[in-house]
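Student: Here you go, this is target-v6.txt (compact mmCIF, N, CA and C atoms).
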# COMPACT_ATOMS: atom_id res chain seq x y z
N MET A 96 87.55 -35.15 60.00
CA MET A 96 88.17 -34.74 61.23
C MET A 96 87.27 -33.79 62.00
N PHE A 97 86.48 -32.96 61.33
CA PHE A 97 85.60 -32.04 62.04
C PHE A 97 84.15 -32.38 61.72
N ASP A 98 83.25 -31.88 62.56
CA ASP A 98 81.83 -32.07 62.36
C ASP A 98 81.29 -30.99 61.43
N HIS A 99 81.67 -29.74 61.71
CA HIS A 99 81.27 -28.63 60.84
C HIS A 99 82.21 -27.45 61.04
N VAL A 100 82.24 -26.59 60.03
CA VAL A 100 82.97 -25.33 60.08
C VAL A 100 81.94 -24.25 59.80
N LYS A 101 81.89 -23.22 60.66
CA LYS A 101 80.95 -22.13 60.46
C LYS A 101 81.71 -20.82 60.50
N PHE A 102 81.48 -19.97 59.50
CA PHE A 102 82.14 -18.67 59.49
C PHE A 102 81.23 -17.63 58.86
N GLY A 103 81.46 -16.38 59.27
CA GLY A 103 80.69 -15.27 58.79
C GLY A 103 81.15 -14.79 57.42
N VAL A 104 80.20 -14.28 56.66
CA VAL A 104 80.47 -13.73 55.33
C VAL A 104 79.83 -12.35 55.22
N SER A 105 80.39 -11.52 54.37
CA SER A 105 79.88 -10.15 54.25
C SER A 105 78.68 -10.04 53.32
N ASP A 106 78.52 -10.97 52.38
CA ASP A 106 77.39 -10.98 51.45
C ASP A 106 76.86 -12.40 51.41
N TYR A 107 75.87 -12.67 52.24
CA TYR A 107 75.33 -14.02 52.41
C TYR A 107 74.88 -14.63 51.08
N ALA A 108 74.09 -13.90 50.30
CA ALA A 108 73.56 -14.43 49.04
C ALA A 108 74.69 -14.78 48.08
N ALA A 109 75.68 -13.89 47.95
CA ALA A 109 76.79 -14.15 47.04
C ALA A 109 77.62 -15.33 47.50
N SER A 110 77.89 -15.42 48.78
CA SER A 110 78.70 -16.53 49.29
C SER A 110 77.96 -17.86 49.17
N LYS A 111 76.68 -17.87 49.50
CA LYS A 111 75.88 -19.10 49.37
C LYS A 111 75.89 -19.57 47.92
N SER A 112 75.64 -18.66 47.00
CA SER A 112 75.64 -19.00 45.58
C SER A 112 77.01 -19.51 45.13
N PHE A 113 78.07 -18.81 45.54
CA PHE A 113 79.42 -19.21 45.17
C PHE A 113 79.73 -20.63 45.63
N PHE A 114 79.52 -20.92 46.92
CA PHE A 114 79.87 -22.24 47.44
C PHE A 114 79.00 -23.34 46.83
N LEU A 115 77.71 -23.08 46.62
CA LEU A 115 76.86 -24.09 45.99
C LEU A 115 77.32 -24.41 44.57
N GLN A 116 77.65 -23.38 43.79
CA GLN A 116 78.09 -23.60 42.42
C GLN A 116 79.48 -24.24 42.38
N ALA A 117 80.40 -23.69 43.15
CA ALA A 117 81.78 -24.17 43.11
C ALA A 117 81.92 -25.59 43.63
N LEU A 118 81.14 -25.96 44.64
CA LEU A 118 81.28 -27.28 45.26
C LEU A 118 80.26 -28.30 44.75
N GLU A 119 79.44 -27.92 43.78
CA GLU A 119 78.50 -28.85 43.17
C GLU A 119 79.20 -30.10 42.62
N PRO A 120 80.38 -29.98 42.00
CA PRO A 120 81.03 -31.17 41.46
C PRO A 120 81.39 -32.24 42.51
N ILE A 121 81.48 -31.86 43.79
CA ILE A 121 81.76 -32.86 44.82
C ILE A 121 80.51 -33.18 45.64
N GLY A 122 79.35 -32.83 45.11
CA GLY A 122 78.08 -33.24 45.70
C GLY A 122 77.55 -32.40 46.84
N VAL A 123 78.04 -31.17 47.00
CA VAL A 123 77.59 -30.32 48.10
C VAL A 123 76.25 -29.68 47.76
N LYS A 124 75.31 -29.76 48.72
CA LYS A 124 73.97 -29.19 48.58
C LYS A 124 73.56 -28.55 49.91
N VAL A 125 72.46 -27.82 49.91
CA VAL A 125 71.93 -27.24 51.13
C VAL A 125 71.34 -28.37 51.99
N ALA A 126 71.83 -28.48 53.23
CA ALA A 126 71.30 -29.46 54.17
C ALA A 126 70.22 -28.84 55.03
N SER A 127 70.40 -27.57 55.42
CA SER A 127 69.40 -26.83 56.17
C SER A 127 69.71 -25.35 56.06
N GLU A 128 68.70 -24.53 56.32
CA GLU A 128 68.91 -23.08 56.21
C GLU A 128 67.95 -22.35 57.11
N GLY A 129 68.44 -21.27 57.72
CA GLY A 129 67.62 -20.38 58.54
C GLY A 129 67.70 -18.98 57.97
N THR A 130 67.52 -18.00 58.83
CA THR A 130 67.68 -16.61 58.40
C THR A 130 69.14 -16.38 58.03
N PRO A 131 69.44 -15.35 57.24
CA PRO A 131 70.85 -15.10 56.89
C PRO A 131 71.77 -14.94 58.10
N THR A 132 71.27 -14.37 59.21
CA THR A 132 72.14 -14.22 60.37
C THR A 132 72.35 -15.55 61.10
N TYR A 133 71.45 -16.51 60.90
CA TYR A 133 71.67 -17.87 61.41
C TYR A 133 72.50 -18.65 60.41
N GLY A 134 72.12 -18.60 59.15
CA GLY A 134 72.93 -19.16 58.08
C GLY A 134 72.39 -20.38 57.39
N VAL A 135 73.28 -20.95 56.59
CA VAL A 135 72.98 -22.13 55.79
C VAL A 135 74.02 -23.19 56.09
N GLU A 136 73.57 -24.45 56.11
CA GLU A 136 74.46 -25.59 56.29
C GLU A 136 74.57 -26.31 54.96
N LEU A 137 75.78 -26.45 54.46
CA LEU A 137 76.05 -27.13 53.19
C LEU A 137 76.76 -28.43 53.49
N SER A 138 76.36 -29.50 52.80
CA SER A 138 76.96 -30.80 53.07
C SER A 138 76.86 -31.68 51.83
N SER A 139 77.67 -32.73 51.83
CA SER A 139 77.58 -33.74 50.77
C SER A 139 77.09 -35.03 51.41
N LYS A 140 77.63 -36.16 51.01
CA LYS A 140 77.19 -37.45 51.53
C LYS A 140 77.60 -37.68 52.98
N SER A 141 78.60 -36.99 53.44
CA SER A 141 79.11 -37.21 54.80
C SER A 141 78.32 -36.40 55.82
N ASN A 142 78.66 -36.55 57.07
CA ASN A 142 78.03 -35.79 58.14
C ASN A 142 78.77 -34.49 58.40
N VAL A 143 79.79 -34.19 57.64
CA VAL A 143 80.58 -32.98 57.80
C VAL A 143 79.89 -31.86 57.03
N SER A 144 79.85 -30.66 57.63
CA SER A 144 79.18 -29.57 56.92
C SER A 144 79.94 -28.26 57.04
N LEU A 145 79.66 -27.40 56.08
CA LEU A 145 80.17 -26.04 56.02
C LEU A 145 78.98 -25.12 56.25
N CYS A 146 79.10 -24.22 57.22
CA CYS A 146 78.00 -23.32 57.57
C CYS A 146 78.45 -21.88 57.37
N LEU A 147 77.60 -21.09 56.71
CA LEU A 147 77.87 -19.68 56.44
C LEU A 147 76.77 -18.84 57.07
N PHE A 148 77.12 -17.66 57.56
CA PHE A 148 76.11 -16.75 58.08
C PHE A 148 76.50 -15.31 57.80
N GLN A 149 75.50 -14.45 57.67
CA GLN A 149 75.70 -13.03 57.40
C GLN A 149 76.24 -12.34 58.65
N THR A 150 77.28 -11.52 58.47
CA THR A 150 77.82 -10.74 59.59
C THR A 150 78.46 -9.48 59.06
N GLU A 151 78.53 -8.47 59.90
CA GLU A 151 79.23 -7.24 59.56
C GLU A 151 80.68 -7.29 60.05
N GLU A 152 80.99 -8.27 60.89
CA GLU A 152 82.36 -8.43 61.38
C GLU A 152 83.27 -8.83 60.22
N LYS A 153 84.51 -8.45 60.31
CA LYS A 153 85.48 -8.81 59.27
C LYS A 153 86.34 -9.96 59.77
N PRO A 154 85.98 -11.20 59.42
CA PRO A 154 86.77 -12.33 59.88
C PRO A 154 88.10 -12.43 59.13
N ALA A 155 89.05 -13.09 59.76
CA ALA A 155 90.32 -13.36 59.08
C ALA A 155 90.06 -14.33 57.93
N HIS A 156 90.87 -14.28 56.93
CA HIS A 156 90.73 -15.18 55.79
C HIS A 156 91.02 -16.61 56.22
N LEU A 157 90.27 -17.52 55.65
CA LEU A 157 90.42 -18.95 55.94
C LEU A 157 90.97 -19.68 54.73
N HIS A 158 91.55 -20.83 54.98
CA HIS A 158 91.89 -21.77 53.93
C HIS A 158 91.04 -23.00 54.20
N LEU A 159 90.09 -23.28 53.29
CA LEU A 159 89.22 -24.43 53.41
C LEU A 159 89.54 -25.41 52.30
N ALA A 160 89.84 -26.65 52.66
CA ALA A 160 90.15 -27.69 51.68
C ALA A 160 89.08 -28.76 51.73
N PHE A 161 88.49 -29.06 50.58
CA PHE A 161 87.46 -30.07 50.45
C PHE A 161 88.01 -31.27 49.71
N ALA A 162 87.62 -32.46 50.12
CA ALA A 162 88.11 -33.70 49.50
C ALA A 162 87.30 -34.04 48.25
N ALA A 163 88.00 -34.40 47.21
CA ALA A 163 87.38 -34.88 45.97
C ALA A 163 87.69 -36.37 45.82
N GLU A 164 86.80 -37.07 45.15
CA GLU A 164 87.02 -38.50 44.92
C GLU A 164 87.97 -38.76 43.76
N ASN A 165 88.04 -37.80 42.81
CA ASN A 165 88.89 -38.00 41.65
C ASN A 165 89.34 -36.63 41.11
N ARG A 166 90.27 -36.67 40.19
CA ARG A 166 90.83 -35.44 39.64
C ARG A 166 89.84 -34.67 38.78
N GLU A 167 88.91 -35.39 38.17
CA GLU A 167 87.90 -34.72 37.36
C GLU A 167 87.04 -33.79 38.21
N GLN A 168 86.77 -34.18 39.45
CA GLN A 168 86.01 -33.32 40.35
C GLN A 168 86.80 -32.06 40.69
N VAL A 169 88.11 -32.20 40.84
CA VAL A 169 88.95 -31.02 41.10
C VAL A 169 88.87 -30.06 39.92
N ASP A 170 89.00 -30.60 38.70
CA ASP A 170 88.92 -29.77 37.50
C ASP A 170 87.57 -29.08 37.40
N ALA A 171 86.49 -29.83 37.67
CA ALA A 171 85.14 -29.27 37.57
C ALA A 171 84.93 -28.19 38.64
N PHE A 172 85.42 -28.41 39.86
CA PHE A 172 85.33 -27.39 40.91
C PHE A 172 85.97 -26.10 40.43
N TYR A 173 87.15 -26.18 39.88
CA TYR A 173 87.90 -24.99 39.47
C TYR A 173 87.10 -24.19 38.44
N GLN A 174 86.56 -24.87 37.44
CA GLN A 174 85.78 -24.19 36.40
C GLN A 174 84.52 -23.57 36.98
N LYS A 175 83.79 -24.34 37.80
CA LYS A 175 82.55 -23.84 38.40
C LYS A 175 82.84 -22.67 39.33
N ALA A 176 83.91 -22.75 40.10
CA ALA A 176 84.26 -21.68 41.04
C ALA A 176 84.58 -20.39 40.30
N LEU A 177 85.31 -20.48 39.20
CA LEU A 177 85.61 -19.29 38.41
C LEU A 177 84.34 -18.71 37.81
N GLN A 178 83.46 -19.57 37.30
CA GLN A 178 82.18 -19.11 36.74
C GLN A 178 81.31 -18.46 37.80
N ALA A 179 81.46 -18.90 39.06
CA ALA A 179 80.66 -18.37 40.16
C ALA A 179 81.26 -17.09 40.74
N GLY A 180 82.35 -16.61 40.15
CA GLY A 180 82.94 -15.35 40.60
C GLY A 180 84.22 -15.49 41.39
N GLY A 181 84.70 -16.71 41.58
CA GLY A 181 85.96 -16.92 42.29
C GLY A 181 87.14 -16.42 41.47
N LYS A 182 88.23 -16.14 42.16
CA LYS A 182 89.47 -15.70 41.49
C LYS A 182 90.51 -16.80 41.58
N ASP A 183 91.19 -17.03 40.48
CA ASP A 183 92.22 -18.07 40.42
C ASP A 183 93.27 -17.86 41.52
N ASN A 184 93.60 -18.96 42.19
CA ASN A 184 94.68 -18.96 43.17
C ASN A 184 95.54 -20.21 43.01
N GLY A 185 95.40 -20.87 41.86
CA GLY A 185 96.17 -22.08 41.57
C GLY A 185 95.35 -23.04 40.76
N ALA A 186 95.65 -23.13 39.48
CA ALA A 186 94.90 -24.00 38.57
C ALA A 186 95.07 -25.47 38.97
N PRO A 187 94.16 -26.34 38.51
CA PRO A 187 94.27 -27.76 38.84
C PRO A 187 95.62 -28.33 38.40
N GLY A 188 96.18 -29.13 39.27
CA GLY A 188 97.44 -29.77 38.94
C GLY A 188 98.03 -30.47 40.14
N LEU A 189 99.06 -31.24 39.86
CA LEU A 189 99.78 -31.94 40.92
C LEU A 189 100.58 -30.96 41.75
N ARG A 190 100.64 -31.22 43.04
CA ARG A 190 101.44 -30.43 43.97
C ARG A 190 102.39 -31.41 44.67
N PRO A 191 103.46 -31.83 43.96
CA PRO A 191 104.35 -32.86 44.51
C PRO A 191 105.08 -32.41 45.77
N GLU A 192 105.10 -31.10 46.05
CA GLU A 192 105.72 -30.64 47.28
C GLU A 192 104.94 -31.12 48.51
N TYR A 193 103.65 -31.48 48.32
CA TYR A 193 102.84 -32.02 49.42
C TYR A 193 102.96 -33.53 49.45
N HIS A 194 102.67 -34.19 48.34
CA HIS A 194 102.96 -35.61 48.13
C HIS A 194 102.70 -35.94 46.66
N ALA A 195 103.15 -37.08 46.22
CA ALA A 195 103.17 -37.43 44.79
C ALA A 195 101.81 -37.38 44.12
N ASN A 196 100.72 -37.69 44.83
CA ASN A 196 99.40 -37.72 44.22
C ASN A 196 98.50 -36.57 44.64
N TYR A 197 99.07 -35.50 45.20
CA TYR A 197 98.28 -34.36 45.67
C TYR A 197 97.88 -33.52 44.46
N TYR A 198 96.64 -33.69 44.02
CA TYR A 198 96.10 -32.98 42.86
C TYR A 198 95.06 -32.01 43.38
N ALA A 199 95.29 -30.72 43.18
CA ALA A 199 94.41 -29.72 43.80
C ALA A 199 94.24 -28.50 42.91
N ALA A 200 93.21 -27.73 43.24
CA ALA A 200 92.97 -26.43 42.62
C ALA A 200 92.55 -25.48 43.73
N PHE A 201 92.88 -24.19 43.55
CA PHE A 201 92.62 -23.18 44.56
C PHE A 201 91.96 -21.96 43.92
N VAL A 202 90.96 -21.42 44.61
CA VAL A 202 90.33 -20.16 44.19
C VAL A 202 90.11 -19.29 45.42
N ILE A 203 90.03 -18.01 45.20
CA ILE A 203 89.69 -17.06 46.26
C ILE A 203 88.20 -16.77 46.14
N GLY A 204 87.47 -17.01 47.23
CA GLY A 204 86.02 -16.80 47.25
C GLY A 204 85.65 -15.35 47.50
N PRO A 205 84.34 -15.07 47.59
CA PRO A 205 83.85 -13.69 47.70
C PRO A 205 84.43 -12.89 48.86
N ASP A 206 84.78 -13.54 49.97
CA ASP A 206 85.31 -12.82 51.12
C ASP A 206 86.83 -12.96 51.25
N GLY A 207 87.49 -13.42 50.21
CA GLY A 207 88.94 -13.54 50.25
C GLY A 207 89.44 -14.85 50.82
N HIS A 208 88.54 -15.79 51.09
CA HIS A 208 88.96 -17.08 51.62
C HIS A 208 89.57 -17.93 50.51
N ASN A 209 90.63 -18.65 50.85
CA ASN A 209 91.30 -19.55 49.91
C ASN A 209 90.56 -20.89 49.95
N ILE A 210 89.86 -21.22 48.86
CA ILE A 210 89.06 -22.43 48.79
C ILE A 210 89.78 -23.43 47.89
N GLU A 211 89.99 -24.63 48.42
CA GLU A 211 90.74 -25.68 47.72
C GLU A 211 89.88 -26.93 47.62
N VAL A 212 90.01 -27.63 46.50
CA VAL A 212 89.50 -29.00 46.39
C VAL A 212 90.68 -29.86 46.00
N VAL A 213 90.85 -30.97 46.73
CA VAL A 213 92.03 -31.81 46.58
C VAL A 213 91.64 -33.28 46.44
N CYS A 214 92.35 -33.96 45.57
CA CYS A 214 92.24 -35.41 45.43
C CYS A 214 93.63 -35.99 45.68
N SER A 215 93.70 -36.93 46.60
CA SER A 215 94.99 -37.56 46.91
C SER A 215 95.13 -38.94 46.29
N ASN A 216 94.14 -39.31 45.48
CA ASN A 216 94.20 -40.61 44.80
C ASN A 216 95.02 -40.51 43.52
N PRO A 217 95.67 -41.60 43.12
CA PRO A 217 96.39 -41.59 41.84
C PRO A 217 95.41 -41.40 40.68
N ALA A 218 95.92 -40.95 39.54
CA ALA A 218 95.08 -40.78 38.35
C ALA A 218 94.49 -42.12 37.96
N ASN A 219 93.30 -42.08 37.36
CA ASN A 219 92.63 -43.32 36.93
C ASN A 219 93.40 -44.01 35.85
Could I get this file's structure written as structure tokens?
Tutor:
Amino acid sequence: MFDHVKFGVSDYAASKSFFLQALEPIGVKVASEGTPTYGVELSSKSNVSLCLFQTEEKPAHLHLAFAAENREQVDAFYQKALQAGGKDNGAPGLRPEYHANYYAAFVIGPDGHNIEVVCSNPAN
């Protein structure tokens, strides 16, 4: 639905490391990078990207949801995100209040953003 999302972070190195580690299970890598105040563009196979940049401004917290191809990627995201310093905000599992196959996990990232990875496909 979007081309890219760009938001400021208070600790560029920590946020870059967190997102690269946490989103590695869904194929996210550095697509391009400039100075910390310009930022880094992270992307997977698609043309959609997440961009982070260093700022002293205090942005409002975001909820970012990334699509996974399968439930195993959701599980792997959750483990990697916790290892990268994220805080639990909802372990992997079905969320039938959204729809029958909504399988997601949630963590709070370095700047307090709610980061989600979701798979809407049925279990294999």
Student: Would you mind reading off the distance between atom CA of A:Asp183 and atom C of A:Lys153, one decimal, in Å?
Tutor: 21.8 Å
Student: If you count only C-alpha atoms, which residues fall within 7 Å of stretch 137-145 of chain A, apart from same-chain ones fewer than 2 positions away, as a PyMOL selection string?
Tutor: chain A and resi 97-101+122-126+135+147
Student: Using only C-alpha atoms, pick whichever of A:Ser127, A:Asn196, A:Asn165, A:Gln116 has the shortest atom-to-atom distance to A:Leu177.
Tutor: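 Closest candidate: A:Gln116.
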Student: Env of A:Tyr198: 6.5 Å cut, atoms = all atoms listed in the file, seq-sep filter 4 positions within chain, self excluded. Answer as a list of chain:residue names.
Tutor: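 Within the cut-off, the hits are A:Pro187, A:Gly188, A:Leu189, A:Arg190, A:Val212, A:Val213, A:Cys214, A:Ser215, A:Asn216.
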Student: When you draw a straight line from atom CA of A:His208 to atom CA of A:Leu157, how long is it in Å?
Tutor: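 Pair atom CA of A:His208 / atom CA of A:Leu157 returns 4.9 Å.
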Student: Any idea what the distance is between atom C of A:Leu118 and atom CA of A:Phe102?
Tutor: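 Separation of atom C of A:Leu118 and atom CA of A:Phe102: 17.7 Å.
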